[in-house]
$ cat upload_6.cif   # mmCIF, C-alpha atoms
data_protein
#
loop_
_atom_site.label_atom_id
_atom_site.label_comp_id
_atom_site.auth_asym_id
_atom_site.auth_seq_id
_atom_site.Cartn_x
_atom_site.Cartn_y
_atom_site.Cartn_z
CA MET A 1 11.34 4.10 40.98
CA ASN A 2 11.24 7.53 42.62
CA LEU A 3 9.39 9.74 40.13
CA LEU A 4 11.01 12.85 41.63
CA ASN A 5 14.56 11.55 41.19
CA PRO A 6 16.12 12.55 37.81
CA GLN A 7 18.69 9.74 38.12
CA ASP A 8 15.88 7.16 38.29
CA TRP A 9 14.39 8.66 35.13
CA LEU A 10 17.71 8.48 33.29
CA ARG A 11 18.17 4.89 34.39
CA ALA A 12 14.62 3.97 33.38
CA ILE A 13 14.69 5.39 29.85
CA ARG A 14 17.83 3.39 29.04
CA ASN A 15 15.54 0.37 29.10
CA PRO A 16 14.11 -0.19 25.57
CA VAL A 17 10.80 -1.37 27.03
CA VAL A 18 10.41 1.80 29.10
CA LEU A 19 11.52 4.12 26.29
CA THR A 20 9.25 2.62 23.62
CA GLY A 21 6.39 2.39 26.13
CA LEU A 22 6.76 6.10 26.88
CA ALA A 23 6.63 6.94 23.17
CA VAL A 24 3.43 4.90 22.73
CA ASP A 25 1.86 6.44 25.84
CA LEU A 26 2.55 9.97 24.55
CA ALA A 27 1.27 9.28 21.03
CA PRO A 28 -2.32 10.35 21.94
CA VAL A 29 -0.98 13.89 22.43
CA TYR A 30 -0.79 14.09 18.63
CA ALA A 31 -4.36 12.76 18.38
CA VAL A 32 -5.64 15.46 20.73
CA ILE A 33 -3.83 18.35 19.01
CA MET A 34 -4.07 17.28 15.35
CA TRP A 35 -7.18 15.08 15.23
CA GLY A 36 -9.32 16.78 17.85
CA TRP A 37 -9.62 13.91 20.29
CA GLY A 38 -11.46 14.56 23.54
CA ALA A 39 -11.75 12.49 26.69
CA ALA A 40 -14.25 9.96 25.20
CA PRO A 41 -11.96 8.35 22.58
CA LEU A 42 -9.06 8.55 25.03
CA VAL A 43 -10.73 6.57 27.80
CA MET A 44 -12.00 3.98 25.29
CA LEU A 45 -8.46 3.66 23.91
CA TYR A 46 -7.24 2.94 27.43
CA TRP A 47 -10.04 0.37 27.84
CA ILE A 48 -8.99 -1.35 24.61
CA GLU A 49 -5.42 -1.31 25.94
CA ASN A 50 -6.70 -3.38 28.89
CA VAL A 51 -8.24 -5.88 26.47
CA ILE A 52 -4.98 -6.12 24.50
CA ALA A 53 -3.00 -6.65 27.72
CA GLY A 54 -5.36 -9.52 28.58
CA VAL A 55 -4.92 -11.16 25.18
CA MET A 56 -1.13 -10.89 25.47
CA THR A 57 -1.29 -12.55 28.90
CA LEU A 58 -2.40 -15.85 27.33
CA PRO A 59 0.95 -16.73 25.67
CA ARG A 60 2.69 -15.75 28.91
CA LEU A 61 0.56 -18.22 30.84
CA LEU A 62 1.27 -21.04 28.42
CA ILE A 63 5.00 -20.36 27.96
CA SER A 64 5.71 -19.91 31.68
CA GLY A 65 3.79 -23.11 32.41
CA ALA A 66 6.29 -25.04 30.27
CA ASN A 67 8.86 -24.39 33.02
CA PHE A 68 7.05 -26.93 35.19
CA GLY A 69 6.73 -29.84 32.79
CA VAL A 70 3.54 -31.49 31.57
CA GLY A 71 1.68 -30.53 34.75
CA GLY A 72 2.66 -26.91 34.24
CA VAL A 73 1.44 -26.95 30.64
CA PHE A 74 -1.97 -28.29 31.68
CA ALA A 75 -2.11 -25.81 34.55
CA GLY A 76 -1.31 -23.01 32.09
CA LEU A 77 -4.15 -24.16 29.83
CA PHE A 78 -6.60 -24.30 32.75
CA MET A 79 -5.54 -20.87 34.02
CA SER A 80 -5.81 -19.46 30.49
CA ALA A 81 -9.44 -20.63 30.25
CA PHE A 82 -10.24 -19.21 33.69
CA PHE A 83 -8.48 -15.96 32.84
CA VAL A 84 -10.41 -15.55 29.58
CA PHE A 85 -13.69 -15.89 31.49
CA HIS A 86 -12.81 -13.80 34.54
CA TYR A 87 -10.76 -11.05 32.91
CA GLY A 88 -13.14 -10.97 29.92
CA LEU A 89 -16.08 -10.42 32.28
CA PHE A 90 -14.10 -7.73 34.10
CA CYS A 91 -13.40 -5.90 30.82
CA ALA A 92 -16.99 -6.32 29.58
CA VAL A 93 -18.46 -4.76 32.73
CA HIS A 94 -15.80 -2.04 32.67
CA GLY A 95 -16.48 -1.31 28.98
CA THR A 96 -20.24 -1.21 29.49
CA PHE A 97 -19.85 1.33 32.27
CA LEU A 98 -17.68 3.43 29.99
CA MET A 99 -20.14 3.22 27.07
CA VAL A 100 -22.82 4.65 29.37
CA PHE A 101 -20.35 7.30 30.50
CA VAL A 102 -19.51 8.26 26.91
CA ALA A 103 -23.15 8.32 25.78
CA MET A 104 -24.10 10.61 28.65
CA SER A 105 -21.22 12.97 27.89
CA GLU A 106 -21.65 13.04 24.09
CA ASP A 107 -25.41 13.60 23.71
CA GLY A 108 -26.93 13.51 27.15
CA GLY A 109 -27.69 9.81 26.86
CA GLN A 110 -29.82 9.94 23.68
CA SER A 111 -27.65 7.28 22.01
CA LEU A 112 -27.65 5.06 25.10
CA GLN A 113 -30.21 2.57 23.77
CA ALA A 114 -28.12 1.96 20.64
CA ALA A 115 -24.85 1.59 22.57
CA PRO A 116 -23.50 -1.98 22.80
CA MET A 117 -23.60 -3.38 26.32
CA MET A 118 -21.60 -6.41 27.54
CA ASP A 119 -20.58 -7.01 23.92
CA MET A 120 -16.79 -6.89 23.64
CA LEU A 121 -16.61 -6.77 19.84
CA GLY A 122 -19.48 -4.30 19.67
CA MET A 123 -17.83 -1.97 22.19
CA ILE A 124 -14.51 -2.15 20.34
CA GLY A 125 -16.31 -1.33 17.08
CA ALA A 126 -18.10 1.62 18.71
CA SER A 127 -14.79 2.84 20.11
CA LEU A 128 -13.23 2.85 16.64
CA ARG A 129 -15.85 5.40 15.55
CA LEU A 130 -15.23 7.76 18.47
CA GLY A 131 -11.92 9.24 17.34
CA ARG A 132 -10.10 9.77 14.07
CA ASN A 133 -7.40 7.15 13.41
CA MET A 134 -8.30 5.18 16.52
CA ASP A 135 -7.15 2.05 14.67
CA LEU A 136 -3.67 3.54 14.27
CA MET A 137 -3.38 4.15 18.01
CA ILE A 138 -4.58 0.62 18.73
CA GLY A 139 -1.98 -0.70 16.28
CA LEU A 140 0.78 1.11 18.18
CA ILE A 141 -0.33 -0.50 21.44
CA VAL A 142 -0.51 -3.97 19.87
CA GLY A 143 2.93 -3.52 18.32
CA TRP A 144 4.44 -2.48 21.65
CA GLN A 145 2.82 -5.37 23.52
CA VAL A 146 4.18 -7.84 20.95
CA PHE A 147 7.63 -6.24 21.24
CA VAL A 148 7.58 -6.64 25.05
CA LEU A 149 6.48 -10.26 24.75
CA PHE A 150 9.29 -11.23 22.38
CA TYR A 151 12.06 -8.94 23.66
CA GLN A 152 11.54 -8.92 27.41
CA PHE A 153 9.60 -12.09 28.09
CA ILE A 154 11.13 -14.51 25.57
CA PHE A 155 14.50 -13.15 24.37
CA LYS A 156 15.59 -11.75 27.77
CA GLY A 157 14.41 -14.95 29.47
CA ASP A 158 11.72 -13.59 31.79
CA TRP A 159 9.63 -16.69 31.08
CA ARG A 160 12.17 -18.78 33.01
CA ARG A 161 11.77 -16.70 36.17
CA THR A 162 8.00 -16.52 36.47
CA ASN A 163 5.00 -18.84 36.62
CA PRO A 164 1.41 -18.96 35.32
CA MET A 165 -0.13 -17.84 38.60
CA ALA A 166 1.99 -14.69 38.77
CA GLU A 167 1.28 -13.91 35.12
CA MET A 168 -2.47 -14.45 35.55
CA PHE A 169 -2.70 -11.87 38.32
CA ALA A 170 -0.28 -9.35 36.77
CA PRO A 171 -2.78 -7.45 34.54
CA TYR A 172 -5.10 -6.73 37.47
CA GLY A 173 -2.36 -5.16 39.55
CA ARG A 174 -1.19 -3.02 36.66
CA ILE A 175 -4.54 -1.49 35.72
CA VAL A 176 -6.75 -1.06 38.78
CA ILE A 177 -5.06 1.93 40.42
CA LEU A 178 -4.12 3.51 37.09
CA HIS A 179 -7.57 3.36 35.57
CA PHE A 180 -9.32 4.51 38.72
CA GLY A 181 -7.29 7.71 38.39
CA ILE A 182 -7.81 7.97 34.62
CA PHE A 183 -11.57 7.55 34.70
CA ALA A 184 -12.00 9.84 37.67
CA GLY A 185 -10.07 12.46 35.71
CA ALA A 186 -12.08 11.76 32.57
CA GLY A 187 -15.33 12.21 34.50
CA ALA A 188 -14.16 15.63 35.62
CA LEU A 189 -13.25 16.49 32.01
CA PHE A 190 -16.69 15.49 30.74
CA LEU A 191 -18.26 17.81 33.28
CA LEU A 192 -15.91 20.65 32.29
CA GLY A 193 -16.53 20.25 28.55
CA ASP A 194 -13.34 18.45 27.49
CA PRO A 195 -10.79 21.28 27.79
CA MET A 196 -7.72 20.38 25.71
CA LEU A 197 -5.30 21.12 28.54
CA GLY A 198 -7.11 18.72 30.83
CA VAL A 199 -7.09 15.93 28.24
CA LEU A 200 -3.36 16.45 27.66
CA LEU A 201 -2.71 16.30 31.41
CA LEU A 202 -4.59 13.00 31.53
CA ILE A 203 -2.25 11.60 28.85
CA VAL A 204 0.83 12.85 30.73
CA PHE A 205 -0.44 11.21 33.93
CA ARG A 206 -0.87 7.93 32.04
CA ALA A 207 2.63 8.21 30.52
CA ILE A 208 4.30 8.90 33.88
CA TRP A 209 2.51 5.96 35.46
CA GLY A 210 3.59 3.80 32.52
CA VAL A 211 7.24 4.66 33.14
CA HIS A 212 6.81 3.81 36.81
CA ILE A 213 5.19 0.43 36.07
CA ASN A 214 7.54 -0.57 33.23
CA SER A 215 10.66 0.29 35.23
CA LYS A 216 9.48 -1.24 38.50
CA GLN A 217 11.64 -4.17 39.50
CA ARG A 218 10.36 -7.04 41.57
CA SER A 219 12.39 -9.38 43.71
CA ASP A 220 13.21 -11.77 40.83
CA GLY A 221 14.22 -8.93 38.50
CA LEU A 222 10.96 -8.72 36.55
CA PRO A 223 8.53 -5.80 36.34
CA GLY A 224 5.01 -6.33 37.59
CA MET A 225 3.70 -9.13 39.79
CA ASP A 226 6.14 -10.67 42.26
CA ALA A 227 6.54 -14.32 41.23
CA SER A 228 8.26 -15.11 44.53
CA LYS A 229 4.87 -14.83 46.25
CA TYR A 230 3.86 -18.11 44.62
CA ASP A 231 5.60 -21.48 44.77
CA PHE A 232 4.06 -22.88 41.60
CA GLY A 233 5.95 -26.18 41.78
CA LYS A 234 4.57 -26.73 45.29
CA LEU A 235 1.08 -25.82 44.03
CA LEU A 236 1.21 -28.58 41.42
CA LYS A 237 2.28 -31.14 44.01
CA THR A 238 0.22 -30.17 47.06
CA GLY A 239 -2.38 -27.61 45.96
CA ASP A 240 -0.77 -24.97 48.20
CA ALA A 241 1.12 -22.10 46.52
CA THR A 242 2.44 -20.51 49.73
CA PRO A 243 6.26 -20.47 49.66
CA ASP A 244 7.95 -22.43 52.43
CA PRO A 245 9.65 -20.23 55.05
CA PRO A 246 13.42 -20.04 54.77
CA GLU A 247 15.29 -22.57 56.83
CA ARG A 248 16.89 -21.21 59.99
CA LEU A 249 20.58 -21.66 60.38
CA PRO A 250 21.58 -23.65 63.50
#
$ encode --input "upload_6.cif" --output "structure tokens"
Amino acid sequence: MNLLNPQDWLRAIRNPVVLTGLAVDLAPVYAVIMWGWGAAPLVMLYWIENVIAGVMTLPRLLISGANFGVGGVFAGLFMSAFFVFHYGLFCAVHGTFLMVFVAMSEDGGQSLQAAPMMDMLGMIGASLRLGRNMDLMIGLIVGWQVFVLFYQFIFKGDWRRTNPMAEMFAPYGRIVILHFGIFAGAGALFLLGDPMLGVLLLIVFRAIWGVHINSKQRSDGLPGMDASKYDFGKLLKTGDATPDPPERLP
């Protein structure tokens, strides 16, 4: 999608996933204006969004594995266990860094000793206390993720055109670049004293990136990770997921 092309925007927002995702991404604007949110609750909301995306990856791994028979189901289970460990560790380290960041910005680090570290449930609980109606915003994200799973992945048949390996890597590709930009911007806002305009611009940046990601088409017609990069059937048989080169015509 070309973000500077109005026709691409019109085409993108006709997609229910893109349109509802845009509405959810812009919802924090209300929180900033009406509930007084600053950068701290916003960045923790985006961190919790990462956690939710990871949880919603698990049914994708299991359902897409069913495409490949009994071996695919067991592979999906194994990849789910690995994903929980690896992605969970990734989110725990990420969240701990942010808790330090928030403590330093809120009170100069005085609350740092009481801040939960490497404790997923503790960090989520602390995040709920950072902003008014944080639970409502989290509920919107959960609702949208469930909608995408059932509408796009199951009802529209995306599960038939992907595989567990592609789904396992998809969350990483979606969040790394985005959140590098978000947290760099948030750091600047902390230093500047959380100006409302800057926080709103951060939300707009996130919403625009969301439209780009949700409307991005890959070679098999699905947004996100390119499943054609992995021959999952070959992986189950030989241990090598590299697709075979196309046969040359005589």
$ atom_distance --input "upload_6.cif" --atom1 "atom CA of Tyr172 of chain A" --atom2 "atom CA of Leu26 of chain A"
22.5 Å
$ closest_residue --input "upload_6.cif" --among "A:Gln7, A:Thr57, A:Ser105, A:Thr96" --to "Leu77 of chain A" --atoms "all atoms listed in the file"
A:Thr57
$ closest_residue --input "upload_6.cif" --among "A:Ile13, A:Leu149, A:Met34, A:Ile138" --to "Leu61 of chain A" --atoms "only C-alpha atoms"
A:Leu149
$ resolve_selection --input "upload_6.cif" --expression "the PyMOL selection byres ((chain A and resi 95) around 8)" --output "VMD selection string"
chain A and resid 44 47 91 to 94 96 to 99 117 to 118 120 123
$ write_last_selection --input "upload_6.cif" --atoms "C-alpha atoms" --output "PDB file, in the coordinates of the input"
ATOM      1  CA  MET A  44     -12.000   3.980  25.290  1.00  0.00           C
ATOM      2  CA  TRP A  47     -10.040   0.370  27.840  1.00  0.00           C
ATOM      3  CA  CYS A  91     -13.400  -5.900  30.820  1.00  0.00           C
ATOM      4  CA  ALA A  92     -16.990  -6.320  29.580  1.00  0.00           C
ATOM      5  CA  VAL A  93     -18.460  -4.760  32.730  1.00  0.00           C
ATOM      6  CA  HIS A  94     -15.800  -2.040  32.670  1.00  0.00           C
ATOM      7  CA  THR A  96     -20.240  -1.210  29.490  1.00  0.00           C
ATOM      8  CA  PHE A  97     -19.850   1.330  32.270  1.00  0.00           C
ATOM      9  CA  LEU A  98     -17.680   3.430  29.990  1.00  0.00           C
ATOM     10  CA  MET A  99     -20.140   3.220  27.070  1.00  0.00           C
ATOM     11  CA  MET A 117     -23.600  -3.380  26.320  1.00  0.00           C
ATOM     12  CA  MET A 118     -21.600  -6.410  27.540  1.00  0.00           C
ATOM     13  CA  MET A 120     -16.790  -6.890  23.640  1.00  0.00           C
ATOM     14  CA  MET A 123     -17.830  -1.970  22.190  1.00  0.00           C
TER      15      MET A 123
END
$ atom_distance --input "upload_6.cif" --atom1 "atom CA of Tyr87 of chain A" --atom2 "atom CA of Gln113 of chain A"
25.4 Å
$ atom_distance --input "upload_6.cif" --atom1 "atom CA of Asn5 of chain A" --atom2 "atom CA of Met196 of chain A"
28.5 Å
$ resolve_selection --input "upload_6.cif" --expression "the PyMOL selection byres ((chain A and resi 134) around 12)" --output "PDB file with C-alpha atoms, in the coordinates of the input"
ATOM      1  CA  ALA A  27       1.270   9.280  21.030  1.00  0.00           C
ATOM      2  CA  PRO A  28      -2.320  10.350  21.940  1.00  0.00           C
ATOM      3  CA  TYR A  30      -0.790  14.090  18.630  1.00  0.00           C
ATOM      4  CA  ALA A  31      -4.360  12.760  18.380  1.00  0.00           C
ATOM      5  CA  VAL A  32      -5.640  15.460  20.730  1.00  0.00           C
ATOM      6  CA  TRP A  35      -7.180  15.080  15.230  1.00  0.00           C
ATOM      7  CA  GLY A  36      -9.320  16.780  17.850  1.00  0.00           C
ATOM      8  CA  TRP A  37      -9.620  13.910  20.290  1.00  0.00           C
ATOM      9  CA  ALA A  40     -14.250   9.960  25.200  1.00  0.00           C
ATOM     10  CA  PRO A  41     -11.960   8.350  22.580  1.00  0.00           C
ATOM     11  CA  LEU A  42      -9.060   8.550  25.030  1.00  0.00           C
ATOM     12  CA  VAL A  43     -10.730   6.570  27.800  1.00  0.00           C
ATOM     13  CA  MET A  44     -12.000   3.980  25.290  1.00  0.00           C
ATOM     14  CA  LEU A  45      -8.460   3.660  23.910  1.00  0.00           C
ATOM     15  CA  TYR A  46      -7.240   2.940  27.430  1.00  0.00           C
ATOM     16  CA  ILE A  48      -8.990  -1.350  24.610  1.00  0.00           C
ATOM     17  CA  GLU A  49      -5.420  -1.310  25.940  1.00  0.00           C
ATOM     18  CA  ILE A 124     -14.510  -2.150  20.340  1.00  0.00           C
ATOM     19  CA  GLY A 125     -16.310  -1.330  17.080  1.00  0.00           C
ATOM     20  CA  ALA A 126     -18.100   1.620  18.710  1.00  0.00           C
ATOM     21  CA  SER A 127     -14.790   2.840  20.110  1.00  0.00           C
ATOM     22  CA  LEU A 128     -13.230   2.850  16.640  1.00  0.00           C
ATOM     23  CA  ARG A 129     -15.850   5.400  15.550  1.00  0.00           C
ATOM     24  CA  LEU A 130     -15.230   7.760  18.470  1.00  0.00           C
ATOM     25  CA  GLY A 131     -11.920   9.240  17.340  1.00  0.00           C
ATOM     26  CA  ARG A 132     -10.100   9.770  14.070  1.00  0.00           C
ATOM     27  CA  ASN A 133      -7.400   7.150  13.410  1.00  0.00           C
ATOM     28  CA  ASP A 135      -7.150   2.050  14.670  1.00  0.00           C
ATOM     29  CA  LEU A 136      -3.670   3.540  14.270  1.00  0.00           C
ATOM     30  CA  MET A 137      -3.380   4.150  18.010  1.00  0.00           C
ATOM     31  CA  ILE A 138      -4.580   0.620  18.730  1.00  0.00           C
ATOM     32  CA  GLY A 139      -1.980  -0.700  16.280  1.00  0.00           C
ATOM     33  CA  LEU A 140       0.780   1.110  18.180  1.00  0.00           C
ATOM     34  CA  ILE A 141      -0.330  -0.500  21.440  1.00  0.00           C
TER      35      ILE A 141
END
$ closest_residue --input "upload_6.cif" --among "A:Trp144, A:Pro171, A:Trp159, A:Gly76" --to "Val51 of chain A" --atoms "all atoms listed in the file"
A:Pro171
$ resolve_selection --input "upload_6.cif" --expression "the PyMOL selection byres ((chain A and resi 20) around 12)" --output "list in words"
Ala12, Ile13, Arg14, Asn15, Pro16, Val17, Val18, Leu19, Gly21, Leu22, Ala23, Val24, Asp25, Leu26, Ala27, Leu140, Ile141, Gly143, Trp144, Gln145, Val146, Phe147, Val148, Tyr151, Ala207, Gly210, Val211, Asn214 and Ser215 of chain A
$ closest_residue --input "upload_6.cif" --among "A:Met168, A:Ala81, A:Trp209, A:Gly65" --to "Ala53 of chain A" --atoms "only C-alpha atoms"
A:Met168
$ closest_residue --input "upload_6.cif" --among "A:Gln152, A:Gly122, A:Thr162, A:Ala114" --to "Phe68 of chain A" --atoms "only C-alpha atoms"
A:Thr162
$ closest_residue --input "upload_6.cif" --among "A:Leu121, A:Val100, A:Lys156, A:Asn163" --to "Leu62 of chain A" --atoms "only C-alpha atoms"
A:Asn163
$ axis_aligned_box --input "upload_6.cif" --around "segment 86-93 of chain A" --padding-each-side "5 Å" --output "JSON"
{"center_x": -14.6, "center_y": -9.3, "center_z": 32.1, "size_x": 17.7, "size_y": 19.0, "size_z": 15.0}
